[in-house]
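The next block is query_0.csv, given as CSV, C-alpha atoms.
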```csv
chain,number,residue,atom,x,y,z
Y,1,MET,CA,-31.6,10.2,14.4
Y,2,ALA,CA,-31.3,10.2,18.2
Y,3,VAL,CA,-31.1,7.1,20.4
Y,4,ASP,CA,-34.2,6.6,22.6
Y,5,LEU,CA,-35.1,4.5,25.7
Y,6,ASP,CA,-36.5,1.8,23.4
Y,7,ASP,CA,-33.0,1.3,21.9
Y,8,VAL,CA,-31.5,1.0,25.4
Y,9,GLN,CA,-34.0,-1.6,26.5
Y,10,GLU,CA,-33.6,-3.5,23.2
Y,11,ALA,CA,-29.8,-3.4,23.7
Y,12,ARG,CA,-30.1,-4.8,27.2
Y,13,GLU,CA,-32.3,-7.6,25.9
Y,14,LEU,CA,-29.9,-8.5,23.1
Y,15,LEU,CA,-27.0,-8.7,25.5
Y,16,ALA,CA,-29.0,-10.6,28.1
Y,17,ASP,CA,-29.9,-13.2,25.5
Y,18,ALA,CA,-26.4,-13.6,24.0
Y,19,ARG,CA,-24.1,-16.5,24.6
Y,20,CYS,CA,-21.3,-14.6,23.0
Y,21,VAL,CA,-20.6,-10.9,22.0
Y,22,LEU,CA,-18.5,-10.1,19.0
Y,23,PHE,CA,-16.9,-6.7,19.4
Y,24,ASP,CA,-15.6,-4.6,16.5
Y,25,PHE,CA,-12.4,-3.0,17.7
Y,26,ASP,CA,-11.9,0.5,16.4
Y,27,GLY,CA,-14.9,2.5,17.8
Y,28,PRO,CA,-16.7,0.0,20.0
Y,29,ILE,CA,-13.6,-0.6,22.2
Y,30,CYS,CA,-11.4,2.3,21.6
Y,31,ARG,CA,-10.8,5.2,19.2
Y,32,LEU,CA,-7.9,3.7,17.3
Y,33,PHE,CA,-7.7,6.2,14.5
Y,34,PRO,CA,-8.9,9.7,15.0
Y,35,ARG,CA,-9.4,11.2,11.6
Y,36,ALA,CA,-6.1,13.1,11.4
Y,37,ALA,CA,-4.1,10.0,12.3
Y,38,SER,CA,-5.8,7.8,9.7
Y,39,LYS,CA,-5.3,10.5,7.0
Y,40,ARG,CA,-1.6,10.5,7.8
Y,41,VAL,CA,-1.3,6.7,7.4
Y,42,ALA,CA,-3.3,6.8,4.2
Y,43,ARG,CA,-1.1,9.4,2.7
Y,44,GLU,CA,2.0,7.4,3.6
Y,45,LEU,CA,0.6,4.4,1.9
Y,46,VAL,CA,-0.2,6.4,-1.3
Y,47,ALA,CA,3.4,7.7,-1.3
Y,48,LYS,CA,4.8,4.2,-1.0
Y,49,VAL,CA,2.6,2.9,-3.8
Y,50,ASP,CA,4.0,5.7,-6.1
Y,51,GLU,CA,7.5,5.1,-4.9
Y,52,LEU,CA,7.4,1.5,-5.8
Y,53,GLY,CA,6.2,2.2,-9.3
Y,54,PHE,CA,2.5,1.3,-9.0
Y,55,ARG,CA,1.0,4.7,-9.3
Y,56,GLU,CA,-1.7,3.6,-11.8
Y,57,VAL,CA,-3.3,1.1,-9.4
Y,58,LEU,CA,-4.9,3.9,-7.3
Y,59,THR,CA,-7.7,6.0,-8.6
Y,60,ASP,CA,-7.9,9.7,-7.7
Y,61,ALA,CA,-10.8,8.9,-5.5
Y,62,VAL,CA,-8.8,6.4,-3.4
Y,63,ARG,CA,-5.9,8.9,-3.3
Y,64,SER,CA,-8.1,11.4,-1.5
Y,65,VAL,CA,-9.6,9.1,1.2
Y,66,ASP,CA,-8.5,9.1,4.8
Y,67,ASP,CA,-8.9,5.4,5.3
Y,68,PRO,CA,-5.8,3.2,5.1
Y,69,HIS,CA,-8.0,0.1,4.5
Y,70,ALA,CA,-9.4,1.7,1.4
Y,71,VAL,CA,-5.8,2.0,0.0
Y,72,LEU,CA,-5.0,-1.6,1.0
Y,73,GLY,CA,-8.2,-2.8,-0.5
Y,74,ALA,CA,-7.5,-1.0,-3.8
Y,75,VAL,CA,-4.0,-2.5,-4.0
Y,76,HIS,CA,-5.5,-5.9,-3.5
Y,77,GLN,CA,-8.2,-5.4,-6.2
Y,78,ALA,CA,-5.5,-4.2,-8.6
Y,79,GLY,CA,-4.1,-7.7,-8.5
Y,80,GLN,CA,-6.8,-8.7,-10.9
Y,81,ARG,CA,-5.2,-6.4,-13.5
Y,82,ARG,CA,-1.4,-6.6,-12.8
Y,83,ASP,CA,1.0,-8.4,-10.5
Y,84,VAL,CA,1.1,-6.7,-7.1
Y,85,THR,CA,2.8,-9.5,-5.2
Y,86,GLU,CA,5.8,-7.2,-4.5
Y,87,LEU,CA,3.6,-4.3,-3.4
Y,88,LEU,CA,0.8,-5.9,-1.3
Y,89,PRO,CA,2.9,-7.2,1.6
Y,90,VAL,CA,4.7,-3.9,1.9
Y,91,ILE,CA,1.4,-2.0,2.1
Y,92,GLU,CA,0.0,-4.6,4.5
Y,93,GLY,CA,3.0,-4.2,6.7
Y,94,MET,CA,2.7,-0.5,6.8
Y,95,VAL,CA,-1.0,-0.6,7.7
Y,96,THR,CA,-0.2,-3.1,10.5
Y,97,LYS,CA,2.6,-0.9,11.9
Y,98,GLY,CA,0.3,2.1,11.8
Y,99,GLU,CA,-2.3,0.2,13.7
Y,100,LEU,CA,0.1,-1.0,16.3
Y,101,ASP,CA,1.4,2.6,16.8
Y,102,ALA,CA,-2.2,3.8,17.0
Y,103,ALA,CA,-3.0,1.1,19.6
Y,104,ASP,CA,-0.1,2.3,21.8
Y,105,GLU,CA,-1.2,5.9,21.4
Y,106,ALA,CA,-4.8,5.0,22.3
Y,107,VAL,CA,-3.6,3.6,25.5
Y,108,GLY,CA,-1.3,6.5,26.3
Y,109,LYS,CA,-3.9,9.1,25.4
Y,110,SER,CA,-6.8,7.3,27.1
Y,111,ARG,CA,-8.8,6.9,24.0
Y,112,GLY,CA,-10.8,3.9,25.3
Y,113,THR,CA,-14.5,4.1,24.4
Y,114,LYS,CA,-16.4,5.4,27.5
Y,115,GLY,CA,-18.0,2.5,29.3
Y,116,ALA,CA,-16.4,-0.2,27.1
Y,117,GLU,CA,-14.2,-1.5,29.9
Y,118,ARG,CA,-17.2,-1.8,32.2
Y,119,LEU,CA,-19.3,-3.5,29.6
Y,120,ILE,CA,-16.5,-6.0,28.8
Y,121,ARG,CA,-16.0,-6.8,32.5
Y,122,MET,CA,-19.8,-7.1,33.1
Y,123,LEU,CA,-20.3,-9.5,30.2
Y,124,SER,CA,-17.3,-11.5,31.4
Y,125,ARG,CA,-18.8,-11.8,34.9
Y,126,ARG,CA,-22.0,-13.1,33.3
Y,127,ARG,CA,-19.9,-15.7,31.6
Y,128,VAL,CA,-20.8,-14.4,28.1
Y,129,ARG,CA,-18.0,-15.4,25.7
Y,130,LEU,CA,-16.3,-12.5,24.0
Y,131,ALA,CA,-14.3,-12.2,20.8
Y,132,VAL,CA,-13.0,-9.4,18.7
Y,133,VAL,CA,-14.0,-9.2,15.0
Y,134,THR,CA,-12.1,-6.4,13.3
Y,135,ASN,CA,-10.7,-5.3,10.0
Y,136,ASN,CA,-7.6,-4.1,11.9
Y,137,SER,CA,-4.6,-6.4,12.5
Y,138,PRO,CA,-5.3,-8.8,15.3
Y,139,LEU,CA,-1.9,-7.8,16.7
Y,140,ALA,CA,-3.1,-4.2,17.3
Y,141,ALA,CA,-6.3,-5.4,19.1
Y,142,LYS,CA,-4.2,-7.8,21.2
Y,143,SER,CA,-1.7,-5.1,22.1
Y,144,TYR,CA,-4.3,-2.6,23.2
Y,145,LEU,CA,-6.3,-5.1,25.2
Y,146,LYS,CA,-3.2,-6.5,26.9
Y,147,GLN,CA,-2.0,-3.0,27.9
Y,148,MET,CA,-5.5,-2.3,29.3
Y,149,ASN,CA,-5.6,-5.6,31.2
Y,150,LEU,CA,-8.6,-6.7,29.2
Y,151,LEU,CA,-7.1,-9.4,27.0
Y,152,GLY,CA,-8.0,-12.2,29.4
Y,153,HIS,CA,-11.7,-11.5,29.0
Y,154,PHE,CA,-11.6,-12.4,25.3
Y,155,ALA,CA,-11.7,-16.0,24.1
Y,156,HIS,CA,-10.4,-15.1,20.6
Y,157,ILE,CA,-9.2,-12.1,18.6
Y,158,HIS,CA,-9.9,-12.3,14.9
Y,159,GLY,CA,-8.8,-9.6,12.5
Y,160,ARG,CA,-7.5,-8.9,9.0
Y,161,THR,CA,-6.0,-11.9,7.2
Y,162,ALA,CA,-3.5,-11.9,4.3
Y,163,ASP,CA,-6.5,-11.5,2.0
Y,164,PRO,CA,-7.8,-8.0,2.3
Y,165,GLY,CA,-10.7,-9.0,0.1
Y,166,LEU,CA,-12.2,-10.8,3.2
Y,167,MET,CA,-12.4,-7.6,5.3
Y,168,LYS,CA,-15.9,-6.6,6.4
Y,169,PRO,CA,-18.5,-6.3,4.9
Y,170,ASP,CA,-17.5,-9.8,4.0
Y,171,PRO,CA,-18.7,-12.0,7.0
Y,172,ASP,CA,-15.4,-14.0,7.1
Y,173,VAL,CA,-14.2,-12.6,10.4
Y,174,LEU,CA,-17.5,-13.3,12.1
Y,175,THR,CA,-17.7,-16.8,10.7
Y,176,ARG,CA,-14.2,-17.5,11.9
Y,177,ALA,CA,-15.0,-16.2,15.4
Y,178,LEU,CA,-18.2,-18.3,15.6
Y,179,GLY,CA,-16.2,-21.3,14.5
Y,180,SER,CA,-13.5,-20.8,17.1
Y,181,LEU,CA,-16.2,-20.3,19.8
Y,182,ARG,CA,-18.1,-23.4,18.5
Y,183,LEU,CA,-21.3,-21.4,18.6
Y,184,ARG,CA,-24.1,-20.7,16.1
Y,185,PRO,CA,-24.9,-17.3,14.6
Y,186,GLU,CA,-28.1,-17.1,16.6
Y,187,ASP,CA,-26.1,-17.4,19.8
Y,188,ALA,CA,-24.2,-14.2,19.0
Y,189,VAL,CA,-24.6,-10.4,19.1
Y,190,MET,CA,-22.1,-8.2,17.3
Y,191,ILE,CA,-21.3,-4.7,18.5
Y,192,GLY,CA,-20.2,-2.5,15.6
Y,193,ASP,CA,-20.2,1.2,14.5
Y,194,THR,CA,-20.2,1.2,10.7
Y,195,GLY,CA,-22.4,0.2,7.8
Y,196,THR,CA,-19.9,-2.5,6.9
Y,197,ASP,CA,-20.4,-4.0,10.3
Y,198,VAL,CA,-24.2,-4.0,9.9
Y,199,GLU,CA,-23.8,-5.8,6.5
Y,200,ALA,CA,-21.3,-8.3,7.8
Y,201,ALA,CA,-23.5,-9.2,10.7
Y,202,LYS,CA,-26.5,-9.6,8.5
Y,203,ARG,CA,-24.6,-11.8,6.0
Y,204,ALA,CA,-23.3,-14.0,8.9
Y,205,GLY,CA,-26.8,-14.3,10.5
Y,206,VAL,CA,-25.7,-12.5,13.7
Y,207,ARG,CA,-27.9,-10.1,15.6
Y,208,PHE,CA,-26.5,-6.5,15.6
Y,209,LEU,CA,-26.1,-3.8,18.2
Y,210,GLY,CA,-24.9,-0.5,16.9
Y,211,TYR,CA,-22.6,1.9,18.8
Y,212,GLY,CA,-22.8,5.5,17.5
Y,213,ARG,CA,-20.7,7.9,19.4
Y,214,ASP,CA,-22.2,10.9,17.6
Y,215,GLU,CA,-25.0,11.9,15.3
Y,216,ARG,CA,-23.0,11.2,12.1
Y,217,LYS,CA,-22.3,7.6,13.3
Y,218,ILE,CA,-25.9,7.1,14.5
Y,219,ARG,CA,-27.2,8.2,11.1
Y,220,GLY,CA,-24.8,6.0,9.2
Y,221,LEU,CA,-25.9,2.9,11.3
Y,222,ARG,CA,-29.6,3.7,10.9
Y,223,GLU,CA,-29.2,4.2,7.1
Y,224,ALA,CA,-27.4,0.8,6.9
Y,225,GLY,CA,-30.3,-0.9,8.5
Y,226,ALA,CA,-29.3,-1.2,12.2
Y,227,GLY,CA,-32.4,-1.6,14.3
Y,228,THR,CA,-30.9,-1.0,17.7
Y,229,VAL,CA,-28.3,1.7,18.3
Y,230,VAL,CA,-26.9,3.2,21.5
Y,231,SER,CA,-24.7,6.3,21.8
Y,232,SER,CA,-23.3,5.2,25.2
Y,233,TYR,CA,-22.6,2.0,27.0
Y,234,LEU,CA,-23.3,3.5,30.4
Y,235,PRO,CA,-27.1,2.8,30.4
Y,236,LEU,CA,-26.2,-0.8,29.7
Y,237,VAL,CA,-23.9,-1.1,32.7
Y,238,GLU,CA,-25.7,1.2,35.2
Y,239,ASP,CA,-26.6,-1.8,37.4
Y,240,GLU,CA,-22.9,-2.6,37.6
Y,241,LEU,CA,-21.6,0.9,38.5
Y,242,GLY,CA,-21.5,0.2,42.2
Y,243,ARG,CA,-19.4,-2.9,41.8
Y,244,GLY,CA,-15.6,-3.0,41.7
Y,245,ASP,CA,-14.0,-4.1,38.5
```
Can the structure in the file be given as structure tokens, please?
Amino acid sequence: MAVDLDDVQEARELLADARCVLFDFDGPICRLFPRAASKRVARELVAKVDELGFREVLTDAVRSVDDPHAVLGAVHQAGQRRDVTELLPVIEGMVTKGELDAADEAVGKSRGTKGAERLIRMLSRRRVRLAVVTNNSPLAAKSYLKQMNLLGHFAHIHGRTADPGLMKPDPDVLTRALGSLRLRPEDAVMIGDTGTDVEAAKRAGVRFLGYGRDERKIRGLREAGAGTVVSSYLPLVEDELGRGD
């Protein structure tokens, strides 16, 4: 499942041809939620659901996951069976707070994805338009990028809306980004690190470049249908390494 030189060359060609690059946030730009942190937030959400009297809206499977978005999505889907108008904004607010705290921690603990800053600056120098397309709160992405002095390189930040049902793999966030950039799907390349990113890009008609930081991530991207995957951005920016940022 390893990345080879053909992938690197294909990645360079994808980026050279792109008028805009749509970055997923958690993974391709920084490590927002290491596993232990996401597990902690997910457990807090489950506890709040129970505290507010909605225990039955979560299955045992959802209760055991480490993904806060899975809990948020389950609460949203439960709205088809019972009234969750009291619960949903509480859970959404907790997820957003967890993401904002995680963004601050990612800055403080230097959890930026290796080479991401150089890639962003390189694309910006080339006048490629950049946008974020994330299932996280746009506030978290903006906070991280601002603290890293990268926000000015991005034309738009698009993230989770009040409707969690529109999170990726739904292509909504990509469609919104293309609309704000006034560009066509064929003008864009998305950089993502999950199977849901692969599916969202496919449904939006956008070319895809996978970023897999380890064998597990690479395998997941390949199995989801990603044709081009890199494990590091450094080969993509090696011609820029002698330049100042």
- Using all atoms listed in the file, which of the listed residues (Y:Ala106, Y:Val128, Y:Leu52, Y:Leu88) sits closest to Leu14 of chain Y? Y:Val128
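Nearest to Met122 of chain Y of all the residues Y:Ala141, Y:Val229, Y:Val21, Y:Ile218 is Y:Val21, based on all atoms listed in the file.
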Using all atoms listed in the file, what residues lie at most 9 Å away from (-22.8, 4.7, 4.3) (file coordinates), given as a PDB file with C-alpha atoms, keeping the file's coordinate frame?
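This went into result02.pdb:
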```
ATOM      1  CA  THR Y 194     -20.200   1.200  10.700  1.00  0.00           C
ATOM      2  CA  GLY Y 195     -22.400   0.200   7.800  1.00  0.00           C
ATOM      3  CA  THR Y 196     -19.900  -2.500   6.900  1.00  0.00           C
ATOM      4  CA  ARG Y 219     -27.200   8.200  11.100  1.00  0.00           C
ATOM      5  CA  GLY Y 220     -24.800   6.000   9.200  1.00  0.00           C
ATOM      6  CA  LEU Y 221     -25.900   2.900  11.300  1.00  0.00           C
ATOM      7  CA  GLU Y 223     -29.200   4.200   7.100  1.00  0.00           C
ATOM      8  CA  ALA Y 224     -27.400   0.800   6.900  1.00  0.00           C
TER       9      ALA Y 224
END
```
- Item | From Y:Pro34, Y:Pro28, Y:Gly212, Y:Pro169, residue lying nearest Glu117 of chain Y [all atoms listed in the file] | Y:Pro28
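Going from atom CA of Phe33 of chain Y over to atom CA of Asp4 of chain Y, you cover 27.7 Å.
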- Task: Just the residues within 12 Å of segment 96-102 of chain Y, please, counting all atoms listed in the file, with nothing from its chain fewer than 6 positions along; format it as a PyMOL selection string.
- Result: chain Y and resi 25-26+30-45+67-69+72+89-90+108-112+134-145+147+159-162
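The nearest approach to His76 of chain Y among the residues Y:Leu123, Y:Ala200, Y:Gln9, Y:Met167, with only C-alpha atoms taken into account, belongs to Y:Met167.
The shortest atom-to-atom distance to Gly165 of chain Y, with all atoms listed in the file taken into account, belongs to Y:Ala70 out of Y:Ile91, Y:Val132, Y:Ala70, Y:Ala47.
For the atom pair formed by atom CA of Arg222 of chain Y and atom CA of Gly210 of chain Y, the distance is 8.7 Å, given to one decimal.
With atom CA of Arg203 of chain Y on one side and atom CA of Glu186 of chain Y on the other, the separation reads 12.4 Å.
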- Would you list the residues near (2.3, 2.4, -6.5) (no more than 10 Å away, in the coordinates of the file, using only C-alpha atoms) as a PyMOL selection string? chain Y and resi 45-58+75+84+87-88+91
- Item | For Arg121 of chain Y, the nearest of the candidates Y:Leu183, Y:Ala204, Y:Gln77, Y:Val237, counting all atoms listed in the file | Y:Val237
- Task: Do a neighbour search on Ala188 of chain Y at 10 Å with only C-alpha atoms, toss out local chain neighbours closer than 2 positions, and write the hits as a PyMOL selection string.
- Result: chain Y and resi 14-15+17-22+128-130+174+178+183-186+190-191+201+205-208
Dump C-alpha atoms for the selected residues as a JSON list (two decimals), keeping the file's coordinate frame?
```json
[["chain", "number", "residue", "atom", "x", "y", "z"],
["Y", 14, "LEU", "CA", -29.90, -8.50, 23.10],
["Y", 15, "LEU", "CA", -27.00, -8.70, 25.50],
["Y", 17, "ASP", "CA", -29.90, -13.20, 25.50],
["Y", 18, "ALA", "CA", -26.40, -13.60, 24.00],
["Y", 19, "ARG", "CA", -24.10, -16.50, 24.60],
["Y", 20, "CYS", "CA", -21.30, -14.60, 23.00],
["Y", 21, "VAL", "CA", -20.60, -10.90, 22.00],
["Y", 22, "LEU", "CA", -18.50, -10.10, 19.00],
["Y", 128, "VAL", "CA", -20.80, -14.40, 28.10],
["Y", 129, "ARG", "CA", -18.00, -15.40, 25.70],
["Y", 130, "LEU", "CA", -16.30, -12.50, 24.00],
["Y", 174, "LEU", "CA", -17.50, -13.30, 12.10],
["Y", 178, "LEU", "CA", -18.20, -18.30, 15.60],
["Y", 183, "LEU", "CA", -21.30, -21.40, 18.60],
["Y", 184, "ARG", "CA", -24.10, -20.70, 16.10],
["Y", 185, "PRO", "CA", -24.90, -17.30, 14.60],
["Y", 186, "GLU", "CA", -28.10, -17.10, 16.60],
["Y", 190, "MET", "CA", -22.10, -8.20, 17.30],
["Y", 191, "ILE", "CA", -21.30, -4.70, 18.50],
["Y", 201, "ALA", "CA", -23.50, -9.20, 10.70],
["Y", 205, "GLY", "CA", -26.80, -14.30, 10.50],
["Y", 206, "VAL", "CA", -25.70, -12.50, 13.70],
["Y", 207, "ARG", "CA", -27.90, -10.10, 15.60],
["Y", 208, "PHE", "CA", -26.50, -6.50, 15.60]]
```
- Mind checking which residues fall within 12 Å of Leu119 of chain Y, counting all atoms listed in the file, ignoring those fewer than 6 positions away in the same chain, and posting them as a PyMOL selection string? chain Y and resi 12+15+21+23+28-29+113+125-126+128+130+150+153+191+232-241+245
Please output segment 141-152 of chain Y, rebuilt to include all heavy atoms, as a tab-separated table (two decimals), in the frame of the given file.
```
chain	number	residue	atom	x	y	z
Y	141	ALA	N	-5.22	-5.18	18.06
Y	141	ALA	CA	-6.30	-5.40	19.10
Y	141	ALA	C	-5.68	-6.08	20.30
Y	141	ALA	O	-5.99	-5.69	21.44
Y	141	ALA	CB	-7.39	-6.24	18.47
Y	142	LYS	N	-4.85	-7.09	20.09
Y	142	LYS	CA	-4.20	-7.80	21.20
Y	142	LYS	C	-3.36	-6.85	22.04
Y	142	LYS	O	-3.37	-6.88	23.28
Y	142	LYS	CB	-3.41	-8.97	20.72
Y	142	LYS	CG	-4.23	-10.15	20.24
Y	142	LYS	CD	-3.33	-11.27	19.72
Y	142	LYS	CE	-4.15	-12.44	19.22
Y	142	LYS	NZ	-3.31	-13.52	18.64
Y	143	SER	N	-2.60	-6.01	21.35
Y	143	SER	CA	-1.70	-5.10	22.10
Y	143	SER	C	-2.49	-4.14	22.94
Y	143	SER	O	-2.16	-3.94	24.11
Y	143	SER	CB	-0.88	-4.30	21.03
Y	143	SER	OG	-0.09	-3.32	21.68
Y	144	TYR	N	-3.54	-3.55	22.40
Y	144	TYR	CA	-4.30	-2.60	23.20
Y	144	TYR	C	-4.99	-3.31	24.37
Y	144	TYR	O	-4.91	-2.83	25.51
Y	144	TYR	CB	-5.43	-1.98	22.29
Y	144	TYR	CG	-6.36	-1.08	23.07
Y	144	TYR	CD1	-6.01	0.25	23.31
Y	144	TYR	CD2	-7.56	-1.55	23.60
Y	144	TYR	CE1	-6.85	1.08	24.06
Y	144	TYR	CE2	-8.39	-0.73	24.34
Y	144	TYR	CZ	-8.04	0.57	24.57
Y	144	TYR	OH	-8.85	1.39	25.32
Y	145	LEU	N	-5.63	-4.43	24.12
Y	145	LEU	CA	-6.30	-5.10	25.20
Y	145	LEU	C	-5.38	-5.61	26.28
Y	145	LEU	O	-5.71	-5.57	27.47
Y	145	LEU	CB	-7.14	-6.29	24.62
Y	145	LEU	CG	-8.32	-5.90	23.73
Y	145	LEU	CD1	-8.87	-7.12	23.00
Y	145	LEU	CD2	-9.42	-5.21	24.53
Y	146	LYS	N	-4.20	-6.05	25.88
Y	146	LYS	CA	-3.20	-6.50	26.90
Y	146	LYS	C	-2.78	-5.34	27.75
Y	146	LYS	O	-2.70	-5.47	28.98
Y	146	LYS	CB	-2.02	-7.12	26.18
Y	146	LYS	CG	-0.97	-7.68	27.13
Y	146	LYS	CD	0.15	-8.38	26.40
Y	146	LYS	CE	1.16	-8.97	27.38
Y	146	LYS	NZ	2.27	-9.67	26.66
Y	147	GLN	N	-2.49	-4.19	27.13
Y	147	GLN	CA	-2.00	-3.00	27.90
Y	147	GLN	C	-3.14	-2.50	28.83
Y	147	GLN	O	-2.85	-1.92	29.87
Y	147	GLN	CB	-1.58	-1.93	26.96
Y	147	GLN	CG	-0.30	-2.27	26.20
Y	147	GLN	CD	0.14	-1.14	25.30
Y	147	GLN	OE1	0.63	-0.12	25.77
Y	147	GLN	NE2	-0.05	-1.32	23.99
Y	148	MET	N	-4.40	-2.75	28.46
Y	148	MET	CA	-5.50	-2.30	29.30
Y	148	MET	C	-6.00	-3.37	30.25
Y	148	MET	O	-7.03	-3.20	30.92
Y	148	MET	CB	-6.68	-1.89	28.36
Y	148	MET	CG	-6.38	-0.69	27.48
Y	148	MET	SD	-6.03	0.82	28.42
Y	148	MET	CE	-7.64	1.12	29.15
Y	149	ASN	N	-5.26	-4.48	30.33
Y	149	ASN	CA	-5.60	-5.60	31.20
Y	149	ASN	C	-7.00	-6.16	30.93
Y	149	ASN	O	-7.74	-6.56	31.84
Y	149	ASN	CB	-5.53	-5.16	32.69
Y	149	ASN	CG	-4.12	-4.78	33.11
Y	149	ASN	OD1	-3.16	-5.48	32.79
Y	149	ASN	ND2	-3.99	-3.68	33.81
Y	150	LEU	N	-7.34	-6.20	29.64
Y	150	LEU	CA	-8.60	-6.70	29.20
Y	150	LEU	C	-8.52	-7.96	28.36
Y	150	LEU	O	-9.53	-8.61	28.06
Y	150	LEU	CB	-9.40	-5.64	28.43
Y	150	LEU	CG	-9.84	-4.41	29.20
Y	150	LEU	CD1	-10.39	-3.35	28.24
Y	150	LEU	CD2	-10.86	-4.76	30.27
Y	151	LEU	N	-7.31	-8.32	27.94
Y	151	LEU	CA	-7.10	-9.40	27.00
Y	151	LEU	C	-7.70	-10.73	27.53
Y	151	LEU	O	-8.28	-11.53	26.79
Y	151	LEU	CB	-5.67	-9.57	26.61
Y	151	LEU	CG	-5.35	-10.61	25.54
Y	151	LEU	CD1	-6.08	-10.31	24.23
Y	151	LEU	CD2	-3.84	-10.66	25.29
Y	152	GLY	N	-7.55	-10.95	28.83
Y	152	GLY	CA	-8.00	-12.20	29.40
Y	152	GLY	C	-9.50	-12.41	29.38
Y	152	GLY	O	-9.98	-13.53	29.58
```
